[in-house]
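As stored in upload-v5.csv (CSV, C-alpha atoms and all ligand atoms):
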```
chain,number,residue,atom,x,y,z
Z,1,MET,CA,89.2,35.3,19.8
Z,2,ALA,CA,88.1,32.7,17.5
Z,3,ASP,CA,86.3,30.9,20.2
Z,4,LYS,CA,84.5,34.0,21.3
Z,5,LYS,CA,83.5,34.8,17.7
Z,6,LYS,CA,81.9,31.5,17.4
Z,7,MET,CA,79.6,32.0,20.4
Z,8,SER,CA,76.5,29.9,20.3
Z,9,VAL,CA,73.1,31.4,20.0
Z,10,ALA,CA,72.3,30.4,23.5
Z,11,GLU,CA,75.3,32.2,24.8
Z,12,ILE,CA,74.4,35.3,22.8
Z,13,LEU,CA,70.9,35.2,24.2
Z,14,ALA,CA,72.2,34.8,27.7
Z,15,ALA,CA,74.5,37.7,27.2
Z,16,ALA,CA,71.8,39.8,25.7
Z,17,ARG,CA,69.4,39.1,28.6
Z,18,ALA,CA,72.1,39.7,31.1
Z,19,ALA,CA,72.9,43.0,29.4
Z,20,ASP,CA,69.2,43.7,29.5
Z,21,GLY,CA,69.2,43.6,33.3
Z,22,GLY,CA,72.0,46.2,33.8
Z,23,ALA,CA,71.5,48.1,30.6
Z,24,ALA,CA,70.9,51.4,32.3
Z,25,ALA,CA,74.2,51.5,34.3
Z,26,GLY,CA,76.2,49.9,31.5
Z,27,ALA,CA,74.9,52.2,28.9
Z,28,ALA,CA,75.6,55.3,31.1
Z,29,LYS,CA,79.1,54.1,31.8
Z,30,ALA,CA,79.7,53.3,28.2
Z,31,ASP,CA,78.6,56.7,27.1
Z,32,ALA,CA,81.0,58.3,29.7
Z,33,GLY,CA,83.9,56.2,28.4
Z,34,GLU,CA,84.3,54.2,31.6
Z,35,GLU,CA,84.9,50.5,31.8
Z,36,PRO,CA,82.0,48.5,32.7
Z,37,ALA,CA,81.9,47.5,36.3
Z,38,SER,CA,81.0,43.9,35.6
Z,39,PRO,CA,82.8,41.8,33.2
Z,40,ALA,CA,79.6,40.0,32.3
Z,41,ALA,CA,77.9,43.3,31.5
Z,42,ALA,CA,80.7,44.8,29.4
Z,43,SER,CA,83.2,42.3,28.2
Z,44,PRO,CA,83.8,38.7,29.0
Z,45,LYS,CA,87.6,39.0,29.1
Z,46,PRO,CA,89.9,41.9,28.5
Z,47,VAL,CA,92.7,41.3,25.9
Z,48,PRO,CA,96.1,42.8,26.5
Z,49,GLY,CA,97.4,45.2,23.9
Z,50,LYS,CA,93.9,46.0,22.8
Z,51,PRO,CA,91.4,48.5,24.1
Z,52,ALA,CA,89.1,47.3,26.7
Z,53,GLY,CA,86.2,47.9,24.3
Z,54,ALA,CA,87.7,45.5,21.8
Z,55,ALA,CA,87.1,42.8,24.4
Z,56,LYS,CA,83.5,43.1,23.6
Z,57,PRO,CA,82.2,40.6,21.2
Z,58,THR,CA,84.0,41.3,18.0
Z,59,GLY,CA,81.2,39.8,16.1
Z,60,GLU,CA,79.2,42.8,17.0
Z,61,ALA,CA,81.8,45.2,15.7
Z,62,LYS,CA,82.8,43.2,12.6
Z,63,PRO,CA,79.5,43.5,10.9
Z,64,ALA,CA,79.3,47.1,11.9
Z,65,ALA,CA,82.6,47.8,10.3
Z,66,GLY,CA,81.7,45.9,7.2
Z,67,GLY,CA,78.2,47.4,7.1
Z,68,ALA,CA,76.8,44.3,5.6
Z,69,ARG,CA,75.1,42.2,8.3
Z,70,PRO,CA,74.1,43.3,11.8
Z,71,SER,CA,75.1,41.1,14.7
Z,72,VAL,CA,72.7,39.2,16.8
Z,73,SER,CA,73.2,41.6,19.7
Z,74,ASP,CA,72.4,44.5,17.4
Z,75,ILE,CA,69.3,42.7,16.1
Z,76,LEU,CA,68.2,42.0,19.7
Z,77,ALA,CA,68.8,45.6,20.6
Z,78,MET,CA,66.9,46.7,17.6
Z,79,ALA,CA,64.0,44.4,18.4
Z,80,ARG,CA,63.8,45.7,22.0
Z,81,GLY,CA,64.4,49.3,21.0
Z,82,ASN,CA,62.8,49.4,17.6
Z,83,LYS,CA,66.0,50.6,16.1
Z,84,GLU,CA,67.0,50.2,12.5
Z,85,PRO,CA,70.0,48.0,11.9
Z,86,GLY,CA,71.7,50.5,9.6
Z,87,ALA,CA,72.0,53.1,12.4
Z,88,THR,CA,73.7,50.6,14.7
Z,89,ALA,CA,76.1,49.5,12.1
Z,90,THR,CA,77.3,53.0,11.0
Z,91,LYS,CA,77.9,54.4,14.5
Z,92,PRO,CA,80.4,51.8,15.7
Z,93,ALA,CA,82.2,51.9,12.3
Z,94,ALA,CA,83.1,55.5,12.7
Z,95,GLU,CA,84.0,55.5,16.4
Z,96,PRO,CA,86.8,52.8,16.6
Z,97,LYS,CA,89.3,54.9,14.6
Z,98,ALA,CA,88.8,58.3,16.4
Z,99,LYS,CA,88.2,57.0,19.9
Z,100,PRO,CA,89.6,53.6,20.4
Z,101,ALA,CA,88.4,53.5,23.9
Z,102,ALA,CA,85.0,54.8,22.9
Z,103,ALA,CA,85.0,52.6,19.9
Z,104,ALA,CA,86.0,49.7,22.1
Z,105,LYS,CA,82.9,50.4,24.0
Z,106,PRO,CA,80.5,47.9,22.9
Z,107,ALA,CA,78.0,49.5,20.6
Z,108,ALA,CA,75.7,46.7,21.5
Z,109,ALA,CA,76.2,47.6,25.2
Z,110,ALA,CA,75.3,51.2,24.5
Z,111,LYS,CA,72.4,50.3,22.2
Z,112,PRO,CA,70.7,47.9,24.5
Z,113,ALA,CA,70.6,50.6,27.2
Z,114,ALA,CA,68.6,52.9,24.9
Z,115,PRO,CA,65.5,50.8,24.9
Z,116,VAL,CA,65.4,50.6,28.6
Z,117,ALA,CA,65.9,54.3,28.9
Z,118,GLY,CA,63.4,54.9,26.1
Z,119,GLY,CA,60.6,53.3,28.0
Z,120,THR,CA,60.2,50.0,25.9
Z,121,LYS,CA,61.4,47.9,28.8
Z,122,GLY,CA,58.0,46.3,29.4
Z,123,VAL,CA,57.8,44.9,25.8
Z,124,GLU,CA,58.7,41.2,25.9
Z,125,ARG,CA,59.7,39.4,22.7
Z,126,ASP,CA,59.6,35.6,22.5
Z,127,THR,CA,62.8,33.9,21.6
Z,128,ALA,CA,61.5,32.2,18.5
Z,129,SER,CA,60.5,35.4,16.8
Z,130,ILE,CA,63.7,37.1,17.7
Z,131,LEU,CA,65.8,34.2,16.3
Z,132,ALA,CA,63.7,34.1,13.2
Z,133,ALA,CA,64.1,37.8,12.6
Z,134,ALA,CA,67.9,37.4,13.3
Z,135,ARG,CA,68.3,34.7,10.7
Z,136,GLY,CA,65.9,36.1,8.1
Z,137,GLY,CA,66.7,39.7,8.5
Z,138,ALA,CA,63.0,40.5,8.9
Z,139,LYS,CA,61.5,42.6,11.7
Z,140,PRO,CA,60.9,40.4,14.7
Z,141,GLY,CA,57.6,40.3,16.4
Z,142,PRO,CA,54.2,41.1,15.1
Z,143,VAL,CA,54.0,43.0,11.9
Z,144,SER,CA,51.4,45.4,10.5
Z,145,LYS,CA,49.7,45.1,7.2
Z,146,ALA,CA,52.0,47.6,5.6
Z,147,GLU,CA,55.1,45.7,7.0
Z,148,ALA,CA,53.7,42.2,6.1
Z,149,PRO,CA,55.5,40.6,3.1
Z,150,PRO,CA,53.4,40.5,0.0
Z,151,ARG,CA,51.5,37.4,-0.6
Z,152,PRO,CA,52.6,35.2,-3.4
Z,153,ALA,CA,50.7,35.8,-6.5
Z,154,ALA,CA,48.0,33.3,-7.1
Z,155,LYS,CA,49.0,30.5,-9.5
Z,156,PRO,CA,47.3,31.0,-12.8
Z,157,LYS,CA,44.8,28.3,-13.5
Z,158,PRO,CA,45.6,26.0,-16.4
Z,159,ALA,CA,43.7,27.0,-19.5
Z,160,GLU,CA,40.9,24.8,-20.4
Z,161,PRO,CA,41.0,23.0,-23.7
Z,162,ALA,CA,39.3,24.8,-26.5
Z,163,ALA,CA,37.1,21.8,-27.1
Z,164,ALA,CA,35.9,21.9,-23.5
Z,165,LYS,CA,35.1,25.6,-23.9
Z,166,ALA,CA,33.3,25.1,-27.2
Z,167,LEU,CA,31.0,22.3,-25.9
Z,168,PRO,CA,28.1,23.5,-23.9
Z,169,ARG,CA,27.9,22.1,-20.4
Z,170,VAL,CA,25.1,19.7,-20.0
Z,171,VAL,CA,23.1,20.6,-17.1
Z,172,PRO,CA,21.1,17.6,-15.7
Z,173,LEU,CA,17.5,18.4,-15.3
Z,174,LYS,CA,16.2,18.2,-11.8
Z,175,PRO,CA,13.2,15.9,-11.5
Z,176,THR,CA,10.2,18.0,-10.7
Z,177,ARG,CA,8.2,16.8,-7.9
Z,178,ALA,CA,4.6,17.3,-8.6
Z,179,PRO,CA,2.4,17.6,-5.6
Z,180,LEU,CA,0.4,14.6,-4.5
Z,181,ALA,CA,-2.9,16.3,-5.3
Z,182,ALA,CA,-1.8,17.1,-8.8
Z,183,LYS,CA,-0.7,13.5,-9.3
Z,184,LYS,CA,-4.0,12.3,-8.1
Z,185,GLN,CA,-5.9,14.6,-10.4
Z,186,ASP,CA,-3.8,13.5,-13.3
Z,187,ALA,CA,-4.6,9.8,-12.5
Z,188,GLU,CA,-8.3,10.6,-12.3
Z,189,GLY,CA,-8.2,12.5,-15.6
Z,190,GLU,CA,-6.4,9.6,-17.2
Z,191,ASP,CA,-9.0,7.1,-15.9
Z,192,ARG,CA,-11.8,9.3,-17.3
Z,193,ARG,CA,-10.1,9.6,-20.7
Z,194,SER,CA,-9.5,5.8,-20.8
Z,195,PHE,CA,-13.2,5.2,-19.9
Z,196,LEU,CA,-14.4,7.6,-22.6
Z,197,GLN,CA,-12.1,6.0,-25.2
Z,198,ILE,CA,-13.2,2.5,-24.4
Z,199,ALA,CA,-16.9,3.5,-24.4
Z,200,THR,CA,-16.6,5.3,-27.7
Z,201,GLY,CA,-14.7,2.5,-29.2
Z,202,SER,CA,-17.3,0.0,-27.9
Z,203,PHE,CA,-20.2,2.0,-29.4
Z,204,LEU,CA,-18.4,2.3,-32.7
Z,205,ALA,CA,-17.6,-1.4,-32.8
Z,206,VAL,CA,-21.2,-2.4,-32.0
Z,207,GLY,CA,-22.5,0.0,-34.6
Z,208,PHE,CA,-20.1,-1.2,-37.3
Z,209,THR,CA,-20.9,-4.8,-36.4
Z,210,ALA,CA,-24.6,-4.3,-36.7
Z,211,LEU,CA,-24.2,-2.5,-40.0
Z,212,SER,CA,-22.1,-5.3,-41.3
Z,213,VAL,CA,-24.6,-7.9,-40.3
Z,214,THR,CA,-27.5,-6.0,-41.8
Z,215,THR,CA,-25.6,-5.5,-45.0
Z,216,GLY,CA,-24.8,-9.2,-45.2
Z,217,LEU,CA,-28.4,-10.3,-44.6
Z,218,PHE,CA,-29.7,-7.8,-47.2
Z,219,THR,CA,-27.2,-9.2,-49.7
Z,220,LEU,CA,-28.3,-12.7,-49.0
Z,221,GLY,CA,-32.0,-11.8,-49.4
Z,222,LEU,CA,-31.3,-10.0,-52.7
Z,223,ALA,CA,-29.5,-13.1,-54.0
Z,224,ARG,CA,-32.4,-15.3,-52.9
Z,225,PHE,CA,-34.8,-13.1,-54.7
Z,226,PHE,CA,-32.8,-13.3,-58.0
Z,227,PHE,CA,-32.4,-17.1,-57.6
Z,228,PRO,CA,-35.7,-18.6,-56.3
Z,229,ASN,CA,-35.8,-22.2,-55.1
Z,230,VAL,CA,-37.9,-23.5,-58.0
Z,231,LEU,CA,-36.0,-26.8,-58.2
Z,232,ALA,CA,-37.4,-27.8,-54.8
Z,233,GLU,CA,-40.9,-28.2,-56.3
Z,234,PRO,CA,-41.7,-31.8,-57.2
Z,235,PRO,CA,-42.4,-32.5,-60.8
Z,236,SER,CA,-45.9,-32.0,-61.9
Z,237,LYS,CA,-46.0,-35.3,-63.7
Z,238,PHE,CA,-45.0,-38.5,-62.2
Z,239,LYS,CA,-45.7,-42.2,-62.8
Z,240,VAL,CA,-47.4,-44.3,-60.1
Z,241,GLY,CA,-47.2,-47.8,-61.6
Z,242,PHE,CA,-49.2,-50.2,-63.7
Z,243,ARG,CA,-53.0,-50.5,-63.5
Z,244,GLU,CA,-52.7,-54.1,-62.1
Z,245,GLY,CA,-51.1,-52.6,-59.1
Z,246,PHE,CA,-54.4,-50.9,-58.2
Z,247,PRO,CA,-57.1,-53.4,-57.5
Z,248,ALA,CA,-60.8,-52.5,-57.4
Z,249,GLY,CA,-61.8,-50.6,-54.2
Z,250,LYS,CA,-58.3,-49.9,-53.2
Z,251,VAL,CA,-57.1,-46.5,-52.0
Z,252,GLU,CA,-53.3,-46.1,-52.4
Z,253,THR,CA,-51.9,-43.7,-49.8
Z,254,LYS,CA,-48.2,-44.2,-50.5
Z,255,PHE,CA,-48.0,-41.0,-52.7
Z,256,VAL,CA,-49.5,-38.7,-50.1
Z,257,ALA,CA,-46.3,-37.6,-48.5
Z,258,GLN,CA,-44.3,-37.1,-51.7
Z,259,TYR,CA,-47.0,-36.0,-54.2
Z,260,GLY,CA,-50.1,-35.2,-52.2
Z,261,VAL,CA,-52.2,-37.6,-54.2
Z,262,TRP,CA,-54.5,-40.6,-53.4
Z,263,VAL,CA,-54.7,-43.1,-56.3
Z,264,VAL,CA,-58.1,-44.8,-56.0
Z,265,ASN,CA,-59.7,-47.7,-58.0
Z,266,GLY,CA,-63.3,-46.9,-57.3
Z,267,GLU,CA,-66.8,-46.6,-58.7
Z,268,PHE,CA,-68.3,-43.3,-59.7
Z,269,GLN,CA,-71.8,-43.1,-61.2
Z,270,GLY,CA,-71.8,-46.9,-61.8
Z,271,GLN,CA,-68.4,-46.8,-63.7
Z,272,GLN,CA,-65.2,-48.4,-62.3
Z,273,GLN,CA,-62.4,-45.9,-62.8
Z,274,ILE,CA,-58.9,-45.2,-61.6
Z,275,TYR,CA,-58.5,-41.5,-60.6
Z,276,ALA,CA,-56.2,-39.3,-58.6
Z,277,LEU,CA,-57.7,-37.3,-55.7
Z,278,LYS,CA,-56.1,-34.1,-54.3
Z,279,THR,CA,-55.3,-34.4,-50.6
Z,280,VAL,CA,-56.5,-30.9,-49.8
Z,281,CYS,CA,-59.7,-30.3,-47.7
Z,282,THR,CA,-62.1,-28.0,-49.6
Z,283,HIS,CA,-62.9,-26.2,-46.3
Z,284,LEU,CA,-59.7,-24.5,-45.3
Z,285,GLY,CA,-57.0,-26.6,-46.9
Z,286,CYS,CA,-56.1,-29.2,-44.2
Z,287,THR,CA,-55.0,-32.7,-45.2
Z,288,PRO,CA,-57.7,-35.3,-44.5
Z,289,SER,CA,-56.8,-38.9,-43.5
Z,290,TRP,CA,-58.1,-42.1,-45.1
Z,291,LEU,CA,-60.0,-44.3,-42.7
Z,292,GLU,CA,-59.9,-47.8,-44.1
Z,293,ALA,CA,-62.3,-49.1,-41.5
Z,294,GLU,CA,-64.9,-46.4,-42.2
Z,295,GLN,CA,-64.2,-46.2,-45.9
Z,296,LYS,CA,-64.0,-42.4,-45.8
Z,297,PHE,CA,-61.7,-39.4,-45.8
Z,298,LYS,CA,-61.8,-37.5,-42.5
Z,299,CYS,CA,-60.5,-34.0,-42.1
Z,300,PRO,CA,-58.8,-33.6,-38.7
Z,301,CYS,CA,-59.3,-29.8,-38.7
Z,302,HIS,CA,-63.1,-29.4,-38.6
Z,303,GLY,CA,-64.4,-32.8,-39.1
Z,304,SER,CA,-65.4,-32.7,-42.7
Z,305,GLY,CA,-65.9,-36.2,-44.2
Z,306,PHE,CA,-65.6,-37.4,-47.8
Z,307,TYR,CA,-66.6,-40.6,-49.4
Z,308,LYS,CA,-64.2,-42.9,-51.4
Z,309,ASP,CA,-65.1,-41.1,-54.7
Z,310,GLY,CA,-64.4,-37.7,-53.0
Z,311,ILE,CA,-68.0,-36.5,-52.5
Z,312,ASN,CA,-68.3,-34.5,-49.3
Z,313,PHE,CA,-71.0,-35.7,-46.9
Z,314,GLU,CA,-70.2,-34.2,-43.5
Z,315,GLY,CA,-68.6,-31.2,-41.9
Z,316,PRO,CA,-68.0,-27.7,-43.1
Z,317,ALA,CA,-66.4,-28.7,-46.5
Z,318,PRO,CA,-68.5,-26.9,-49.1
Z,319,ARG,CA,-67.7,-29.2,-52.1
Z,320,PRO,CA,-66.1,-32.5,-53.1
Z,321,LEU,CA,-62.4,-33.1,-53.3
Z,322,GLU,CA,-60.6,-32.2,-56.6
Z,323,ARG,CA,-59.1,-34.6,-59.1
Z,324,TYR,CA,-55.7,-34.4,-61.0
Z,325,ALA,CA,-55.3,-35.5,-64.6
Z,326,ILE,CA,-54.3,-39.1,-65.1
Z,327,ARG,CA,-53.5,-41.2,-68.1
Z,328,LEU,CA,-51.8,-44.3,-69.4
Z,329,SER,CA,-48.3,-43.5,-70.5
Z,330,ASP,CA,-46.5,-45.1,-73.4
Z,331,ASP,CA,-44.9,-47.7,-71.2
Z,332,GLY,CA,-48.3,-48.8,-69.7
Z,333,GLN,CA,-47.9,-47.0,-66.4
Z,334,LEU,CA,-50.3,-44.6,-65.0
Z,335,GLU,CA,-49.0,-41.0,-65.1
Z,336,VAL,CA,-50.5,-38.3,-62.9
Z,337,ASP,CA,-50.3,-34.7,-64.0
Z,338,LYS,CA,-50.8,-32.2,-61.2
Z,339,GLY,CA,-50.8,-29.4,-63.7
Z,340,ARG,CA,-54.5,-30.0,-64.3
Z,341,SER,CA,-57.2,-30.3,-61.7
Z,342,PHE,CA,-60.9,-31.2,-62.1
Z,343,GLN,CA,-63.8,-30.1,-59.9
Z,344,GLU,CA,-67.0,-32.3,-59.6
Z,345,GLU,CA,-69.4,-29.3,-59.0
Z,346,LEU,CA,-68.3,-27.9,-62.3
Z,347,GLY,CA,-68.9,-31.2,-64.1
Z,348,GLN,CA,-65.3,-31.6,-64.9
Z,349,TRP,CA,-65.1,-35.2,-63.6
Z,350,ALA,CA,-66.8,-36.2,-66.8
Z,351,ASP,CA,-63.6,-35.3,-68.6
Z,352,PRO,CA,-61.8,-38.5,-69.7
Z,353,ALA,CA,-58.6,-36.8,-68.7
Z,354,SER,CA,-59.7,-37.0,-65.1
Z,355,TYR,CA,-59.9,-40.8,-65.0
Z,356,VAL,CA,-58.6,-44.1,-66.6
Z,357,ASN,CA,-61.1,-46.8,-67.3
Z,358,VAL,CA,-60.4,-50.1,-65.7
Z,401,LIG,FE1,-61.2,-29.7,-43.5
Z,401,LIG,FE2,-62.1,-27.6,-42.2
Z,401,LIG,S1,-60.4,-27.9,-43.3
Z,401,LIG,S2,-62.9,-29.5,-42.4
```
Conversion result in structure tokens:
Amino acid sequence: MADKKKMSVAEILAAARAADGGAAAGAAKADAGEEPASPAAASPKPVPGKPAGAAKPTGEAKPAAGGARPSVSDILAMARGNKEPGATATKPAAEPKAKPAAAAKPAAAAKPAAPVAGGTKGVERDTASILAAARGGAKPGPVSKAEAPPRPAAKPKPAEPAAAKALPRVVPLKPTRAPLAAKKQDAEGEDRRSFLQIATGSFLAVGFTALSVTTGLFTLGLARFFFPNVLAEPPSKFKVGFREGFPAGKVETKFVAQYGVWVVNGEFQGQQQIYALKTVCTHLGCTPSWLEAEQKFKCPCHGSGFYKDGINFEGPAPRPLERYAIRLSDDGQLEVDKGRSFQEELGQWADPASYVNV
């Protein structure tokens, strides 16, 4: 008995499938209280002293009597006949006491016949689902939504730190792509603005520079007006040397460039004198030249000519040359004073200030 109770799953399945084949006949006989015709269909081996039904797998009756766990055969029968395990367990538990022979009849043998008679013979169950249902106590085979076990509740998400919730999420700005035409227009506008800025800056710079230069020149002219260059003028009185340095008939020209004066030791109206002639032509103001060979002063501008004593004799000059004042200074030198001039046509050459006697 112990060996039969410990039947392997394969043996149980084999027995169940074998019973599936002759379920109709076995079930009918079992209901009528007859012994099964085939030992394989009813019971593997009859045990003496015990009802023939007890020879059926006791594992099937044991759970039914206890009412706690259905046997594999019951589960298989239920799977094929859609029968609840509680119903199979209660029925065998009541029958063994009243009808030993009937109770000995395998409930599993009677139950498996029901599905065949009930018309569910064509429903095939795969072994894996049947075994899974047998071990887990769940309904084998496909299940509906109502029968499906509830899904595990979703795991609650870990709460975010308070600091993370408080801080606003920084959303990176997406770079905007300006159209190519807009970029080109922006570049042209930038070029025009740059050109206008440069042109305006250039005009302003030129204007301010010109204004600065004009103001500087005006300031310099004003300063020159208030401080005239009077010191550039030569002194009106200057010494030319001793009388011995001017022999008779000599015309000294070395003071022309510096003082504009000829110092002459000549004869005028029969009197030998030393006098100072002004080097300015009486025509239009040119400077005549002394021509030693011709013993005359010749104006290069219009050809006026003057004698050694200064009397004009040719050219457009209207009157004789003028004289400066001359005198003997305290040191014996001749001193010329350009502050005074004497004109012959006015009779001023007769003034003793206009000559020094030799
Ligand atoms: Fe001397 Fe005319 S300026 S001749």
Select from chain Z every residue with an atom at most 7 Å from any atom of ligand LIG 401 (chain Z), then for each give the shortest pair of atoms and their distance in Å to one decimal, using all atoms listed in the file, rows by chain and rising number, as a tab-separated table.
```
residue	atom	partner	partner_atom	distance
Z:Cys281	CA	Z:LIG401	FE1	4.5
Z:Thr282	CA	Z:LIG401	FE1	6.4
Z:His283	CA	Z:LIG401	S1	4.3
Z:Leu284	CA	Z:LIG401	S1	4.0
Z:Gly285	CA	Z:LIG401	S1	5.1
Z:Cys286	CA	Z:LIG401	S1	4.6
Z:Pro288	CA	Z:LIG401	FE1	6.7
Z:Cys299	CA	Z:LIG401	FE1	4.6
Z:Pro300	CA	Z:LIG401	FE1	6.6
Z:Cys301	CA	Z:LIG401	FE2	5.0
Z:His302	CA	Z:LIG401	S2	3.8
Z:Gly303	CA	Z:LIG401	S2	4.9
Z:Ser304	CA	Z:LIG401	S2	4.1
Z:Gly315	CA	Z:LIG401	S2	6.0
Z:Pro316	CA	Z:LIG401	S2	5.5
Z:Ala317	CA	Z:LIG401	S2	5.4
```
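Note that the spacing between CA of Ala248 (chain Z) and CA of Arg323 (chain Z) amounts to 18.1 Å.
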Select, from Z:Gly245, Z:Pro172, Z:Gly332, Z:Gly216, the residue with the minimum atom-to-atom distance to Val263 (chain Z), counting all atoms listed in the file.
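Counting all atoms listed in the file, the residue closest to Val263 (chain Z) is Z:Gly245.
Separating CA of Gln295 (chain Z) from CA of Val356 (chain Z) is a distance of 21.5 Å.
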Atom pair CA of Ala353 (chain Z) / CA of Lys237 (chain Z): separation (Å):
13.6 Å
Skip Phe268 (chain Z) itself and residues of its chain fewer than 4 positions away, then list as a ChimeraX atom specification all residues within 8 Å of it, counting only C-alpha atoms.
/Z:272-273,309
Would you pick out the contacts of Pro320 (chain Z) at 6 Å or less, using all atoms listed in the file, so that residues sharing its chain but fewer than 6 positions from it are not included, and give the list as a compact mmCIF listing (two decimals) with C-alpha atoms, keeping the file's coordinate frame?
```
# COMPACT_ATOMS: atom_id res chain seq x y z
CA GLY Z 310 -64.40 -37.70 -53.00
CA ILE Z 311 -68.00 -36.50 -52.50
CA ASN Z 312 -68.30 -34.50 -49.30
```
For Lys338 (chain Z), work out the shell of residues within 12 Å, counting only C-alpha atoms and skipping chain neighbours fewer than 2 positions away, then give it as a PDB file with C-alpha atoms, in the frame of the given file.
```
ATOM      1  CA  GLU Z 233     -40.900 -28.200 -56.300  1.00  0.00           C
ATOM      2  CA  PRO Z 234     -41.700 -31.800 -57.200  1.00  0.00           C
ATOM      3  CA  PRO Z 235     -42.400 -32.500 -60.800  1.00  0.00           C
ATOM      4  CA  SER Z 236     -45.900 -32.000 -61.900  1.00  0.00           C
ATOM      5  CA  LYS Z 237     -46.000 -35.300 -63.700  1.00  0.00           C
ATOM      6  CA  PHE Z 238     -45.000 -38.500 -62.200  1.00  0.00           C
ATOM      7  CA  LYS Z 239     -45.700 -42.200 -62.800  1.00  0.00           C
ATOM      8  CA  TYR Z 259     -47.000 -36.000 -54.200  1.00  0.00           C
ATOM      9  CA  GLY Z 260     -50.100 -35.200 -52.200  1.00  0.00           C
ATOM     10  CA  VAL Z 261     -52.200 -37.600 -54.200  1.00  0.00           C
ATOM     11  CA  ALA Z 276     -56.200 -39.300 -58.600  1.00  0.00           C
ATOM     12  CA  LEU Z 277     -57.700 -37.300 -55.700  1.00  0.00           C
ATOM     13  CA  LYS Z 278     -56.100 -34.100 -54.300  1.00  0.00           C
ATOM     14  CA  THR Z 279     -55.300 -34.400 -50.600  1.00  0.00           C
ATOM     15  CA  GLU Z 322     -60.600 -32.200 -56.600  1.00  0.00           C
ATOM     16  CA  ARG Z 323     -59.100 -34.600 -59.100  1.00  0.00           C
ATOM     17  CA  TYR Z 324     -55.700 -34.400 -61.000  1.00  0.00           C
ATOM     18  CA  ALA Z 325     -55.300 -35.500 -64.600  1.00  0.00           C
ATOM     19  CA  ILE Z 326     -54.300 -39.100 -65.100  1.00  0.00           C
ATOM     20  CA  ARG Z 327     -53.500 -41.200 -68.100  1.00  0.00           C
ATOM     21  CA  GLU Z 335     -49.000 -41.000 -65.100  1.00  0.00           C
ATOM     22  CA  VAL Z 336     -50.500 -38.300 -62.900  1.00  0.00           C
ATOM     23  CA  ARG Z 340     -54.500 -30.000 -64.300  1.00  0.00           C
ATOM     24  CA  SER Z 341     -57.200 -30.300 -61.700  1.00  0.00           C
ATOM     25  CA  PHE Z 342     -60.900 -31.200 -62.100  1.00  0.00           C
ATOM     26  CA  ALA Z 353     -58.600 -36.800 -68.700  1.00  0.00           C
ATOM     27  CA  SER Z 354     -59.700 -37.000 -65.100  1.00  0.00           C
TER      28      SER Z 354
END
```
Just give me the residues with any atom within 9 Å of (-64.5, -51.1, -51.5), file coordinates, counting only C-alpha atoms, written as a tab-separated table (two decimals) with C-alpha atoms, keeping the file's coordinate frame.
```tsv
chain	number	residue	atom	x	y	z
Z	248	ALA	CA	-60.80	-52.50	-57.40
Z	249	GLY	CA	-61.80	-50.60	-54.20
Z	250	LYS	CA	-58.30	-49.90	-53.20
Z	251	VAL	CA	-57.10	-46.50	-52.00
Z	265	ASN	CA	-59.70	-47.70	-58.00
Z	266	GLY	CA	-63.30	-46.90	-57.30
Z	267	GLU	CA	-66.80	-46.60	-58.70
Z	295	GLN	CA	-64.20	-46.20	-45.90
Z	308	LYS	CA	-64.20	-42.90	-51.40
```
